[in-house]
file coords.txt (compact mmCIF, C-alpha atoms and all ligand atoms)
# COMPACT_ATOMS: atom_id res chain seq x y z
CA MET A 1 64.04 -87.33 82.10
CA SER A 2 63.12 -84.70 79.54
CA ASP A 3 64.19 -81.11 80.19
CA PRO A 4 61.03 -78.98 80.71
CA ALA A 5 62.80 -76.03 79.03
CA GLN A 6 63.22 -78.08 75.85
CA PRO A 7 60.39 -78.83 73.43
CA ASP A 8 59.12 -82.35 73.89
CA LEU A 9 59.72 -84.50 70.82
CA SER A 10 57.84 -87.52 72.09
CA VAL A 11 55.30 -89.24 69.87
CA ARG A 12 53.14 -92.36 70.00
CA VAL A 13 52.85 -94.90 67.23
CA GLY A 14 49.80 -96.72 68.49
CA SER A 15 50.83 -98.41 71.72
CA LEU A 16 54.51 -97.63 71.17
CA ALA A 17 55.73 -94.49 72.99
CA LEU A 18 58.92 -92.93 71.62
CA HIS A 19 60.96 -90.08 73.13
CA ASN A 20 61.44 -88.75 69.62
CA PRO A 21 60.01 -89.72 66.21
CA LEU A 22 63.29 -90.98 64.73
CA PHE A 23 63.98 -94.65 64.13
CA ALA A 24 67.03 -96.11 62.44
CA ALA A 25 65.73 -98.13 59.47
CA SER A 26 66.25 -101.84 59.06
CA GLY A 27 69.46 -102.84 57.32
CA CYS A 28 71.07 -99.45 57.90
CA TYR A 29 71.93 -99.80 61.60
CA GLY A 30 73.07 -103.40 61.91
CA TYR A 31 71.71 -105.05 65.05
CA GLY A 32 72.13 -101.91 67.16
CA LEU A 33 75.75 -102.45 68.22
CA GLU A 34 77.70 -101.63 65.07
CA TYR A 35 77.68 -97.84 65.45
CA ALA A 36 78.25 -97.80 69.22
CA ASP A 37 81.62 -96.03 68.88
CA VAL A 38 80.37 -93.26 66.63
CA ALA A 39 76.77 -92.59 67.66
CA ASP A 40 74.66 -92.69 70.80
CA ARG A 41 71.83 -95.20 70.28
CA ASP A 42 69.73 -93.39 72.90
CA GLU A 43 69.46 -90.35 70.62
CA LEU A 44 67.09 -92.47 68.54
CA GLY A 45 63.45 -92.88 69.42
CA GLY A 46 63.92 -96.46 68.30
CA PHE A 47 65.89 -98.68 65.98
CA VAL A 48 64.89 -101.51 63.71
CA THR A 49 67.35 -104.37 63.43
CA LYS A 50 68.58 -105.88 60.21
CA SER A 51 65.85 -108.31 59.10
CA LEU A 52 66.24 -111.68 60.80
CA SER A 53 65.29 -115.05 59.36
CA LEU A 54 64.94 -118.46 61.01
CA GLU A 55 68.37 -119.66 59.88
CA PRO A 56 71.38 -117.45 59.04
CA TRP A 57 71.36 -116.18 55.45
CA LYS A 58 74.45 -115.38 53.39
CA GLY A 59 72.60 -113.01 51.08
CA ASN A 60 73.39 -112.39 47.42
CA ALA A 61 76.73 -112.59 45.62
CA PRO A 62 78.80 -109.38 45.29
CA PRO A 63 78.77 -106.73 44.00
CA ARG A 64 75.67 -105.98 46.05
CA LEU A 65 76.00 -102.26 46.70
CA ALA A 66 76.24 -99.57 44.05
CA GLU A 67 76.34 -95.86 44.74
CA VAL A 68 74.37 -94.08 42.07
CA SER A 69 74.19 -90.39 41.76
CA PRO A 70 72.11 -89.59 43.76
CA GLY A 71 71.10 -92.55 45.91
CA LEU A 72 72.09 -96.13 46.64
CA LEU A 73 71.26 -99.47 45.04
CA ASN A 74 71.55 -102.62 47.11
CA SER A 75 71.01 -106.31 46.60
CA ILE A 76 72.24 -107.47 50.01
CA GLY A 77 69.59 -110.19 49.89
CA LEU A 78 68.79 -109.99 53.60
CA ALA A 79 72.10 -111.46 54.77
CA ASN A 80 71.70 -111.97 58.52
CA MET A 81 72.86 -113.98 61.54
CA GLY A 82 69.55 -115.81 62.06
CA VAL A 83 67.22 -115.48 65.00
CA GLU A 84 69.05 -117.81 67.39
CA SER A 85 72.36 -115.90 67.42
CA PHE A 86 70.50 -112.64 67.77
CA ALA A 87 68.38 -113.91 70.66
CA ARG A 88 71.31 -115.42 72.55
CA GLU A 89 74.22 -113.10 71.81
CA VAL A 90 73.01 -109.71 70.63
CA ALA A 91 69.64 -109.05 72.27
CA PRO A 92 71.01 -108.89 75.85
CA GLN A 93 73.36 -106.12 74.71
CA VAL A 94 70.77 -103.93 72.98
CA THR A 95 67.72 -104.11 75.23
CA GLY A 96 66.86 -101.74 78.06
CA GLY A 97 67.98 -98.46 76.51
CA ARG A 98 65.96 -95.33 75.80
CA ALA A 99 65.64 -96.24 72.13
CA LYS A 100 62.92 -98.81 71.52
CA LEU A 101 64.11 -102.09 70.05
CA ILE A 102 62.11 -103.24 67.07
CA VAL A 103 63.19 -106.54 65.56
CA SER A 104 62.67 -106.89 61.83
CA VAL A 105 61.70 -110.33 60.54
CA ALA A 106 61.95 -111.56 56.95
CA CYS A 107 61.38 -115.16 55.87
CA ASN A 108 60.73 -117.18 52.75
CA VAL A 109 57.53 -118.85 53.97
CA MET A 110 54.79 -117.95 56.45
CA GLU A 111 55.52 -120.70 58.99
CA GLU A 112 59.01 -119.35 59.47
CA TYR A 113 57.73 -115.89 60.41
CA GLU A 114 55.74 -117.57 63.15
CA GLN A 115 58.71 -119.63 64.30
CA VAL A 116 60.97 -116.58 64.47
CA ILE A 117 58.38 -114.64 66.46
CA VAL A 118 57.87 -117.55 68.87
CA ARG A 119 61.62 -117.59 69.56
CA LEU A 120 61.77 -113.80 69.98
CA GLU A 121 58.86 -113.89 72.41
CA GLU A 122 61.22 -115.64 74.84
CA VAL A 123 63.57 -112.64 74.74
CA PRO A 124 62.78 -109.91 77.28
CA GLY A 125 63.07 -106.24 76.37
CA ILE A 126 61.98 -106.36 72.72
CA ASP A 127 59.46 -103.56 72.14
CA GLY A 128 57.98 -104.78 68.89
CA TYR A 129 58.40 -106.37 65.50
CA GLU A 130 58.55 -105.05 61.98
CA LEU A 131 57.44 -107.66 59.49
CA ASN A 132 59.45 -107.14 56.35
CA ILE A 133 56.88 -108.50 53.92
CA SER A 134 58.45 -106.71 50.99
CA CYS A 135 60.70 -109.73 50.54
CA PRO A 136 60.11 -112.68 48.14
CA ASN A 137 57.56 -115.33 49.09
CA VAL A 138 58.96 -118.67 47.92
CA GLU A 139 55.49 -120.23 47.90
CA GLU A 140 54.29 -117.60 45.43
CA GLY A 141 57.18 -117.89 42.98
CA GLY A 142 59.24 -115.20 44.68
CA MET A 143 56.59 -112.47 44.50
CA ALA A 144 56.84 -110.15 47.49
CA PHE A 145 54.41 -111.21 50.27
CA SER A 146 52.91 -107.74 50.44
CA ARG A 147 52.06 -107.66 46.73
CA ASN A 148 49.22 -110.05 47.51
CA PRO A 149 46.71 -108.53 49.99
CA ALA A 150 45.26 -111.93 50.97
CA VAL A 151 48.74 -113.22 51.81
CA THR A 152 49.50 -110.01 53.70
CA GLU A 153 46.39 -110.35 55.84
CA GLU A 154 46.98 -114.02 56.59
CA LEU A 155 50.63 -113.49 57.48
CA VAL A 156 49.94 -110.58 59.82
CA ALA A 157 47.03 -112.49 61.42
CA ARG A 158 49.22 -115.53 62.02
CA VAL A 159 51.92 -113.44 63.67
CA ARG A 160 49.28 -111.51 65.63
CA LYS A 161 48.18 -114.77 67.27
CA ARG A 162 51.74 -115.35 68.46
CA THR A 163 52.43 -112.02 70.15
CA ARG A 164 50.91 -109.15 72.09
CA ARG A 165 53.88 -106.96 71.22
CA TRP A 166 53.60 -104.06 68.75
CA ILE A 167 53.67 -105.19 65.11
CA SER A 168 54.30 -103.03 62.08
CA ALA A 169 53.94 -104.39 58.53
CA LYS A 170 56.57 -103.06 56.13
CA LEU A 171 55.10 -103.02 52.66
CA THR A 172 56.72 -102.92 49.26
CA PRO A 173 56.23 -99.72 47.26
CA ASN A 174 56.57 -101.76 44.07
CA VAL A 175 52.81 -101.88 43.51
CA ALA A 176 50.41 -99.59 41.65
CA SER A 177 48.54 -98.77 44.86
CA ILE A 178 49.52 -99.33 48.47
CA VAL A 179 45.89 -99.16 49.61
CA GLU A 180 44.90 -102.85 49.34
CA GLY A 181 48.06 -104.02 51.10
CA ALA A 182 47.68 -101.39 53.81
CA GLN A 183 44.08 -102.36 54.49
CA ALA A 184 44.99 -106.05 54.47
CA ALA A 185 47.70 -105.52 57.08
CA GLU A 186 45.27 -103.54 59.21
CA ALA A 187 42.64 -106.27 58.89
CA GLY A 188 45.25 -108.86 59.93
CA GLY A 189 45.83 -106.96 63.16
CA ALA A 190 48.94 -104.84 62.53
CA ASP A 191 49.46 -101.97 64.98
CA ALA A 192 51.20 -99.83 62.36
CA LEU A 193 52.51 -99.74 58.80
CA SER A 194 56.09 -99.01 57.77
CA LEU A 195 56.14 -97.23 54.39
CA ILE A 196 58.27 -97.71 52.32
CA ASN A 197 60.90 -100.30 51.53
CA THR A 198 63.28 -99.81 48.61
CA ILE A 199 62.11 -99.31 45.02
CA VAL A 200 63.29 -101.68 42.27
CA GLY A 201 66.18 -100.05 40.41
CA MET A 202 69.16 -100.86 38.23
CA ALA A 203 72.53 -99.40 37.31
CA VAL A 204 74.60 -100.11 34.20
CA ASP A 205 78.30 -99.51 33.59
CA TRP A 206 78.24 -98.03 30.08
CA LYS A 207 81.87 -98.90 29.43
CA THR A 208 81.79 -102.58 30.31
CA ARG A 209 78.07 -102.92 29.52
CA ARG A 210 77.74 -104.85 32.75
CA PRO A 211 75.14 -104.37 35.47
CA ARG A 212 76.63 -102.81 38.59
CA LEU A 213 74.88 -105.34 40.85
CA ALA A 214 75.37 -109.08 40.48
CA THR A 215 71.60 -109.52 40.72
CA ILE A 216 71.18 -106.94 37.90
CA THR A 217 68.29 -105.17 39.65
CA GLY A 218 68.25 -104.18 43.31
CA GLY A 219 66.60 -101.88 45.85
CA TYR A 220 66.90 -98.13 45.31
CA SER A 221 67.06 -95.87 48.37
CA GLY A 222 68.13 -92.38 49.45
CA PRO A 223 66.87 -88.83 48.80
CA PRO A 224 65.46 -89.45 45.28
CA ILE A 225 62.83 -91.88 46.59
CA LYS A 226 61.38 -89.33 49.02
CA PRO A 227 58.57 -88.13 46.73
CA VAL A 228 57.46 -91.72 46.12
CA ALA A 229 57.57 -92.46 49.83
CA LEU A 230 55.58 -89.33 50.69
CA ALA A 231 52.91 -90.34 48.19
CA LYS A 232 52.66 -93.84 49.67
CA VAL A 233 52.46 -92.44 53.21
CA TRP A 234 49.67 -90.09 52.15
CA GLU A 235 47.79 -92.89 50.36
CA GLY A 236 48.20 -95.17 53.37
CA TYR A 237 47.16 -92.47 55.81
CA ASN A 238 43.91 -91.97 53.99
CA ALA A 239 43.21 -95.69 53.69
CA VAL A 240 43.69 -97.03 57.23
CA ASN A 241 43.15 -96.10 60.87
CA ILE A 242 46.46 -97.43 62.17
CA PRO A 243 49.51 -95.16 62.40
CA ILE A 244 52.18 -94.99 59.72
CA VAL A 245 55.94 -94.91 60.04
CA GLY A 246 57.35 -92.98 57.07
CA ILE A 247 60.58 -94.13 55.40
CA GLY A 248 62.42 -93.08 52.27
CA GLY A 249 65.16 -90.56 51.59
CA ILE A 250 65.00 -88.79 54.94
CA ALA A 251 68.18 -86.78 55.51
CA ASN A 252 67.24 -83.69 57.54
CA TRP A 253 64.59 -82.20 59.86
CA LYS A 254 62.52 -80.74 57.03
CA ASP A 255 62.15 -84.19 55.52
CA VAL A 256 60.88 -85.43 58.88
CA VAL A 257 58.33 -82.62 59.18
CA GLU A 258 57.12 -83.25 55.62
CA PHE A 259 56.55 -86.94 56.35
CA LEU A 260 54.60 -86.08 59.50
CA ILE A 261 52.43 -83.62 57.56
CA ALA A 262 51.79 -86.28 54.89
CA GLY A 263 50.47 -88.64 57.57
CA ALA A 264 53.36 -90.33 59.36
CA SER A 265 53.40 -90.61 63.16
CA ALA A 266 57.15 -91.33 63.19
CA VAL A 267 59.89 -91.86 60.60
CA GLN A 268 62.89 -94.02 59.85
CA ILE A 269 66.28 -92.93 58.56
CA GLY A 270 68.12 -95.43 56.38
CA THR A 271 70.67 -94.60 53.70
CA ALA A 272 71.58 -91.26 55.30
CA LEU A 273 73.00 -93.14 58.30
CA TYR A 274 75.77 -94.56 56.14
CA ALA A 275 77.11 -91.04 55.57
CA ASP A 276 76.53 -89.92 59.16
CA PRO A 277 75.55 -92.41 61.87
CA ALA A 278 75.16 -89.51 64.34
CA LEU A 279 72.58 -87.78 62.12
CA PRO A 280 69.52 -88.63 64.30
CA GLY A 281 70.89 -86.63 67.25
CA LYS A 282 71.44 -83.63 64.97
CA ILE A 283 67.97 -83.92 63.45
CA ALA A 284 66.44 -84.13 66.93
CA ALA A 285 68.17 -80.87 67.90
CA ASP A 286 66.94 -79.25 64.68
CA LEU A 287 63.39 -80.47 65.35
CA ARG A 288 63.47 -78.81 68.79
CA ARG A 289 64.48 -75.52 67.19
CA PHE A 290 61.74 -75.93 64.59
CA MET A 291 59.16 -76.46 67.34
CA GLU A 292 60.33 -73.37 69.21
CA VAL A 293 60.41 -71.13 66.16
CA GLU A 294 57.11 -72.36 64.72
CA GLY A 295 55.35 -72.64 68.07
CA VAL A 296 54.57 -76.33 67.62
CA ALA A 297 53.57 -77.79 70.99
CA SER A 298 53.57 -81.43 69.99
CA LEU A 299 54.86 -83.19 66.88
CA SER A 300 51.78 -85.35 66.76
CA GLU A 301 49.69 -82.30 65.85
CA LEU A 302 51.52 -82.30 62.51
CA THR A 303 50.48 -85.84 61.58
CA GLY A 304 48.18 -85.72 58.57
CA SER A 305 47.91 -81.92 58.72
CA LEU A 306 48.43 -81.57 54.97
CA ASP A 307 46.50 -78.60 53.67
CA THR A 308 45.16 -79.94 50.41
CA GLY A 309 44.26 -76.47 49.22
CA HIS A 310 40.59 -77.35 49.06
CA GLY A 311 39.92 -75.94 52.47
CA VAL A 312 40.19 -79.46 53.81
CA THR A 313 42.88 -80.44 56.26
CA VAL A 314 42.72 -84.14 56.99
CA GLY A 315 43.06 -84.73 60.72
CA VAL A 316 44.71 -87.40 62.79
CA PRO A 317 42.93 -90.76 62.45
CA ALA A 318 40.60 -91.54 65.33
C1 LIG B 401 71.97 -101.54 52.44
C2 LIG B 401 70.53 -101.62 52.79
C3 LIG B 401 70.04 -102.74 53.44
C4 LIG B 401 68.69 -102.84 53.77
N1 LIG B 401 68.24 -103.95 54.44
C5 LIG B 401 66.93 -104.01 54.82
C6 LIG B 401 66.46 -105.11 55.59
O1 LIG B 401 67.20 -106.01 55.98
N2 LIG B 401 65.14 -105.14 55.91
C7 LIG B 401 64.26 -104.13 55.54
O2 LIG B 401 63.08 -104.21 55.87
N3 LIG B 401 64.71 -103.07 54.85
C8 LIG B 401 66.01 -102.98 54.48
N4 LIG B 401 66.46 -101.88 53.79
C9 LIG B 401 65.49 -100.82 53.42
C10 LIG B 401 65.50 -99.65 54.41
O3 LIG B 401 65.12 -100.06 55.71
C11 LIG B 401 64.56 -98.53 53.93
O4 LIG B 401 63.23 -99.01 53.87
C12 LIG B 401 64.93 -97.99 52.55
O5 LIG B 401 66.33 -97.95 52.38
C13 LIG B 401 64.37 -96.58 52.29
O6 LIG B 401 64.85 -95.66 53.22
P1 LIG B 401 66.13 -94.69 52.95
O7 LIG B 401 65.88 -94.02 51.63
O8 LIG B 401 66.16 -93.75 54.11
O9 LIG B 401 67.32 -95.58 52.90
C14 LIG B 401 67.80 -101.78 53.45
C15 LIG B 401 68.31 -100.64 52.81
C16 LIG B 401 69.64 -100.54 52.49
C17 LIG B 401 70.14 -99.29 51.81

call {"tool": "encode", "arguments": {"input": "coords.txt", "output": "structure tokens"}}
result
Amino acid sequence: MSDPAQPDLSVRVGSLALHNPLFAASGCYGYGLEYADVADRDELGGFVTKSLSLEPWKGNAPPRLAEVSPGLLNSIGLANMGVESFAREVAPQVTGGRAKLIVSVACNVMEEYEQVIVRLEEVPGIDGYELNISCPNVEEGGMAFSRNPAVTEELVARVRKRTRRWISAKLTPNVASIVEGAQAAEAGGADALSLINTIVGMAVDWKTRRPRLATITGGYSGPPIKPVALAKVWEGYNAVNIPIVGIGGIANWKDVVEFLIAGASAVQIGTALYADPALPGKIAADLRRFMEVEGVASLSELTGSLDTGHGVTVGVPA
């Protein structure tokens, strides 16, 4: 029960109702159990699991994490336990809480996305799916699914036929414009978009002249990607009528408010959780103070409220 004396942080992302706008981002919160000793999962509005594939994946060879200053580079390669172990062993332990459970799915080919969803549909208590379509599509020579709008639309449409649960499409930012991919996901029947995944980056050890990741390039995340993410959220917000979940470099309450103003209905926190797994609870408390001080009655009134300086403030999509 929410305390009537406290500002209400609840938001809706389409059909998904959250008690606050803060998700843990995929790959930064394990399967929802890993941080149980150090953080209260229920302080999150929701959490997105590590991306799951049909079979377990080992991921890439090490080194696959490099701290760069500032930010993080990773080439984990979607190492995961596979859908079956998650469904049988983990899901019963992470369903039923206050935080919504969103299962992330990443596969090499379209059929496998469908197969994973079909298996997950048998598991009670899952609130929705995030389709990680930023990952390589083996049938298109390893190009990310979401770099091809036609593939994006078909994939989302195929998954849509398999489930009535909430679906968000997580798109790659490694494109000139997010608009075509965003519209394709909407046309395929996505309930929301998750923007953004990591940005391609690279780190070099000047002394040894070696790359710091075994895969040479990897995914860049953390505070420096925030301006890119904000731009993609804004572009997406103006291109589609489905809600957007903003992701990229979020580390404090001001970041959250900025993403909402740019067009997000909720946000995800990724890299910052590695430094402080209890951060979402602290940000939630800060957001309550912000609402009190600024007289904000509902966080959803911020969504898309960017004042463009031309006397035009774009409103919440209908
Ligand atoms: C170590 C690591 C692993 C990640 N694994 C996944 C993953 O399995 N699936 C996915 O969709 N995104 C994954 N991501 C991307 C994050 O969910 C997020 O989109 C990205 O890191 C940007 O947010 P941030 O700057 O707050 O970290 C991963 C990120 C990191 C740092």

call {"tool": "residues_near_ligand", "arguments": {"input": "coords.txt", "ligand": "ligand LIG 401 (chain B)", "cutoff": "8 Å", "atoms": "only C-alpha atoms and all ligand atoms", "output": "ChimeraX atom specification"}}
result
/A:25-28,49-52,65,71-80,104-106,130-134,170,195-198,219-226,247-251,268-272

call {"tool": "residues_around", "arguments": {"input": "coords.txt", "residues": "Val138 in chain A", "least_positions_apart": "2", "cutoff": "10 Å", "atoms": "all atoms listed in the file", "output": "list in words"}}
result
Cys107, Asn108, Val109, Met110, Cys135, Pro136, Glu140, Gly141, Gly142, Met143, Ala144 and Phe145 of chain A

call {"tool": "axis_aligned_box", "arguments": {"input": "coords.txt", "around": "range 253-272 of chain A", "padding_each_side": "6 Å", "output": "lines of an AutoDock Vina configuration file"}}
result
center_x = 61.0
center_y = -88.1
center_z = 58.4
size_x = 33.1
size_y = 26.7
size_z = 21.5

call {"tool": "atom_distance", "arguments": {"input": "coords.txt", "atom1": "CA of Lys100 in chain A", "atom2": "CA of Asp127 in chain A"}}
result
5.9 Å

call {"tool": "closest_residue", "arguments": {"input": "coords.txt", "among": "A:Pro243, A:Gly295, A:Gly309, A:Gly236", "to": "Pro7 in chain A", "atoms": "all atoms listed in the file"}}
result
A:Gly295

call {"tool": "decode", "arguments": {"input": "coords.txt", "residues": "range 194-283 of chain A", "atoms": "C-alpha atoms", "output": "PDB file, in the first residue's frame"}}
result
ATOM      1  CA  SER A 194      13.308   0.209 -24.790  1.00  0.00           C
ATOM      2  CA  LEU A 195      15.890   2.817 -25.848  1.00  0.00           C
ATOM      3  CA  ILE A 196      18.854   2.296 -25.830  1.00  0.00           C
ATOM      4  CA  ASN A 197      21.180  -0.673 -25.756  1.00  0.00           C
ATOM      5  CA  THR A 198      24.951  -0.164 -25.602  1.00  0.00           C
ATOM      6  CA  ILE A 199      26.895   1.820 -28.202  1.00  0.00           C
ATOM      7  CA  VAL A 200      29.768   0.179 -30.108  1.00  0.00           C
ATOM      8  CA  GLY A 201      33.052   1.170 -28.468  1.00  0.00           C
ATOM      9  CA  MET A 202      36.655   0.081 -28.112  1.00  0.00           C
ATOM     10  CA  ALA A 203      39.546   0.459 -25.690  1.00  0.00           C
ATOM     11  CA  VAL A 204      43.258   0.079 -26.427  1.00  0.00           C
ATOM     12  CA  ASP A 205      46.127  -0.518 -24.017  1.00  0.00           C
ATOM     13  CA  TRP A 206      48.738   1.918 -25.363  1.00  0.00           C
ATOM     14  CA  LYS A 207      51.605   0.065 -23.715  1.00  0.00           C
ATOM     15  CA  THR A 208      50.912  -3.426 -25.015  1.00  0.00           C
ATOM     16  CA  ARG A 209      49.085  -2.152 -28.121  1.00  0.00           C
ATOM     17  CA  ARG A 210      46.443  -4.753 -27.407  1.00  0.00           C
ATOM     18  CA  PRO A 211      42.674  -4.261 -27.363  1.00  0.00           C
ATOM     19  CA  ARG A 212      41.277  -4.398 -23.841  1.00  0.00           C
ATOM     20  CA  LEU A 213      38.436  -6.711 -24.915  1.00  0.00           C
ATOM     21  CA  ALA A 214      39.068 -10.068 -26.578  1.00  0.00           C
ATOM     22  CA  THR A 215      36.422  -9.190 -29.161  1.00  0.00           C
ATOM     23  CA  ILE A 216      38.260  -5.879 -29.836  1.00  0.00           C
ATOM     24  CA  THR A 217      35.040  -3.845 -29.921  1.00  0.00           C
ATOM     25  CA  GLY A 218      32.234  -4.111 -27.390  1.00  0.00           C
ATOM     26  CA  GLY A 219      29.223  -2.305 -25.948  1.00  0.00           C
ATOM     27  CA  TYR A 220      29.799   1.062 -24.276  1.00  0.00           C
ATOM     28  CA  SER A 221      27.572   2.029 -21.347  1.00  0.00           C
ATOM     29  CA  GLY A 222      27.422   4.381 -18.352  1.00  0.00           C
ATOM     30  CA  PRO A 223      27.073   8.163 -17.884  1.00  0.00           C
ATOM     31  CA  PRO A 224      28.819   9.227 -21.131  1.00  0.00           C
ATOM     32  CA  ILE A 225      26.127   7.604 -23.294  1.00  0.00           C
ATOM     33  CA  LYS A 226      23.323   9.597 -21.663  1.00  0.00           C
ATOM     34  CA  PRO A 227      23.213  12.382 -24.286  1.00  0.00           C
ATOM     35  CA  VAL A 228      22.975   9.801 -27.083  1.00  0.00           C
ATOM     36  CA  ALA A 229      20.237   7.942 -25.234  1.00  0.00           C
ATOM     37  CA  LEU A 230      18.274  11.133 -24.585  1.00  0.00           C
ATOM     38  CA  ALA A 231      18.425  11.981 -28.279  1.00  0.00           C
ATOM     39  CA  LYS A 232      17.170   8.526 -29.265  1.00  0.00           C
ATOM     40  CA  VAL A 233      14.340   8.712 -26.709  1.00  0.00           C
ATOM     41  CA  TRP A 234      13.312  12.114 -28.064  1.00  0.00           C
ATOM     42  CA  GLU A 235      13.454  10.871 -31.672  1.00  0.00           C
ATOM     43  CA  GLY A 236      11.457   7.777 -30.757  1.00  0.00           C
ATOM     44  CA  TYR A 237       8.913   9.753 -28.771  1.00  0.00           C
ATOM     45  CA  ASN A 238       8.168  11.927 -31.755  1.00  0.00           C
ATOM     46  CA  ALA A 239       7.967   8.991 -34.161  1.00  0.00           C
ATOM     47  CA  VAL A 240       5.601   6.531 -32.448  1.00  0.00           C
ATOM     48  CA  ASN A 241       2.492   6.389 -30.281  1.00  0.00           C
ATOM     49  CA  ILE A 242       3.675   3.640 -27.956  1.00  0.00           C
ATOM     50  CA  PRO A 243       5.481   4.477 -24.709  1.00  0.00           C
ATOM     51  CA  ILE A 244       9.250   4.520 -24.378  1.00  0.00           C
ATOM     52  CA  VAL A 245      11.464   3.148 -21.639  1.00  0.00           C
ATOM     53  CA  GLY A 246      14.617   5.289 -21.483  1.00  0.00           C
ATOM     54  CA  ILE A 247      18.005   3.655 -20.820  1.00  0.00           C
ATOM     55  CA  GLY A 248      21.563   4.912 -20.887  1.00  0.00           C
ATOM     56  CA  GLY A 249      23.850   6.366 -18.249  1.00  0.00           C
ATOM     57  CA  ILE A 250      21.196   6.922 -15.599  1.00  0.00           C
ATOM     58  CA  ALA A 251      22.833   7.383 -12.192  1.00  0.00           C
ATOM     59  CA  ASN A 252      20.653   9.800 -10.194  1.00  0.00           C
ATOM     60  CA  TRP A 253      17.157  11.326  -9.928  1.00  0.00           C
ATOM     61  CA  LYS A 254      17.945  14.240 -12.238  1.00  0.00           C
ATOM     62  CA  ASP A 255      18.864  11.803 -14.992  1.00  0.00           C
ATOM     63  CA  VAL A 256      15.497  10.105 -14.506  1.00  0.00           C
ATOM     64  CA  VAL A 257      13.590  13.394 -14.702  1.00  0.00           C
ATOM     65  CA  GLU A 258      15.504  14.390 -17.846  1.00  0.00           C
ATOM     66  CA  PHE A 259      14.603  11.111 -19.568  1.00  0.00           C
ATOM     67  CA  LEU A 260      10.937  11.573 -18.658  1.00  0.00           C
ATOM     68  CA  ILE A 261      10.972  15.122 -20.044  1.00  0.00           C
ATOM     69  CA  ALA A 262      12.588  13.844 -23.266  1.00  0.00           C
ATOM     70  CA  GLY A 263       9.717  11.394 -23.739  1.00  0.00           C
ATOM     71  CA  ALA A 264      10.261   8.311 -21.579  1.00  0.00           C
ATOM     72  CA  SER A 265       7.417   6.864 -19.514  1.00  0.00           C
ATOM     73  CA  ALA A 266       9.841   4.883 -17.330  1.00  0.00           C
ATOM     74  CA  VAL A 267      13.599   4.262 -17.229  1.00  0.00           C
ATOM     75  CA  GLN A 268      16.143   1.524 -16.681  1.00  0.00           C
ATOM     76  CA  ILE A 269      19.325   1.686 -14.637  1.00  0.00           C
ATOM     77  CA  GLY A 270      22.197  -0.478 -15.835  1.00  0.00           C
ATOM     78  CA  THR A 271      25.888   0.185 -15.279  1.00  0.00           C
ATOM     79  CA  ALA A 272      25.249   2.304 -12.163  1.00  0.00           C
ATOM     80  CA  LEU A 273      23.906  -0.805 -10.393  1.00  0.00           C
ATOM     81  CA  TYR A 274      27.364  -2.355 -10.450  1.00  0.00           C
ATOM     82  CA  ALA A 275      28.650   0.447  -8.211  1.00  0.00           C
ATOM     83  CA  ASP A 276      25.546   0.512  -6.012  1.00  0.00           C
ATOM     84  CA  PRO A 277      22.873  -2.193  -6.296  1.00  0.00           C
ATOM     85  CA  ALA A 278      20.722  -0.277  -3.772  1.00  0.00           C
ATOM     86  CA  LEU A 279      20.702   2.863  -5.940  1.00  0.00           C
ATOM     87  CA  PRO A 280      17.063   2.514  -7.149  1.00  0.00           C
ATOM     88  CA  GLY A 281      15.710   2.861  -3.590  1.00  0.00           C
ATOM     89  CA  LYS A 282      17.773   6.020  -3.105  1.00  0.00           C
ATOM     90  CA  ILE A 283      16.668   7.475  -6.434  1.00  0.00           C
TER      91      ILE A 283
END
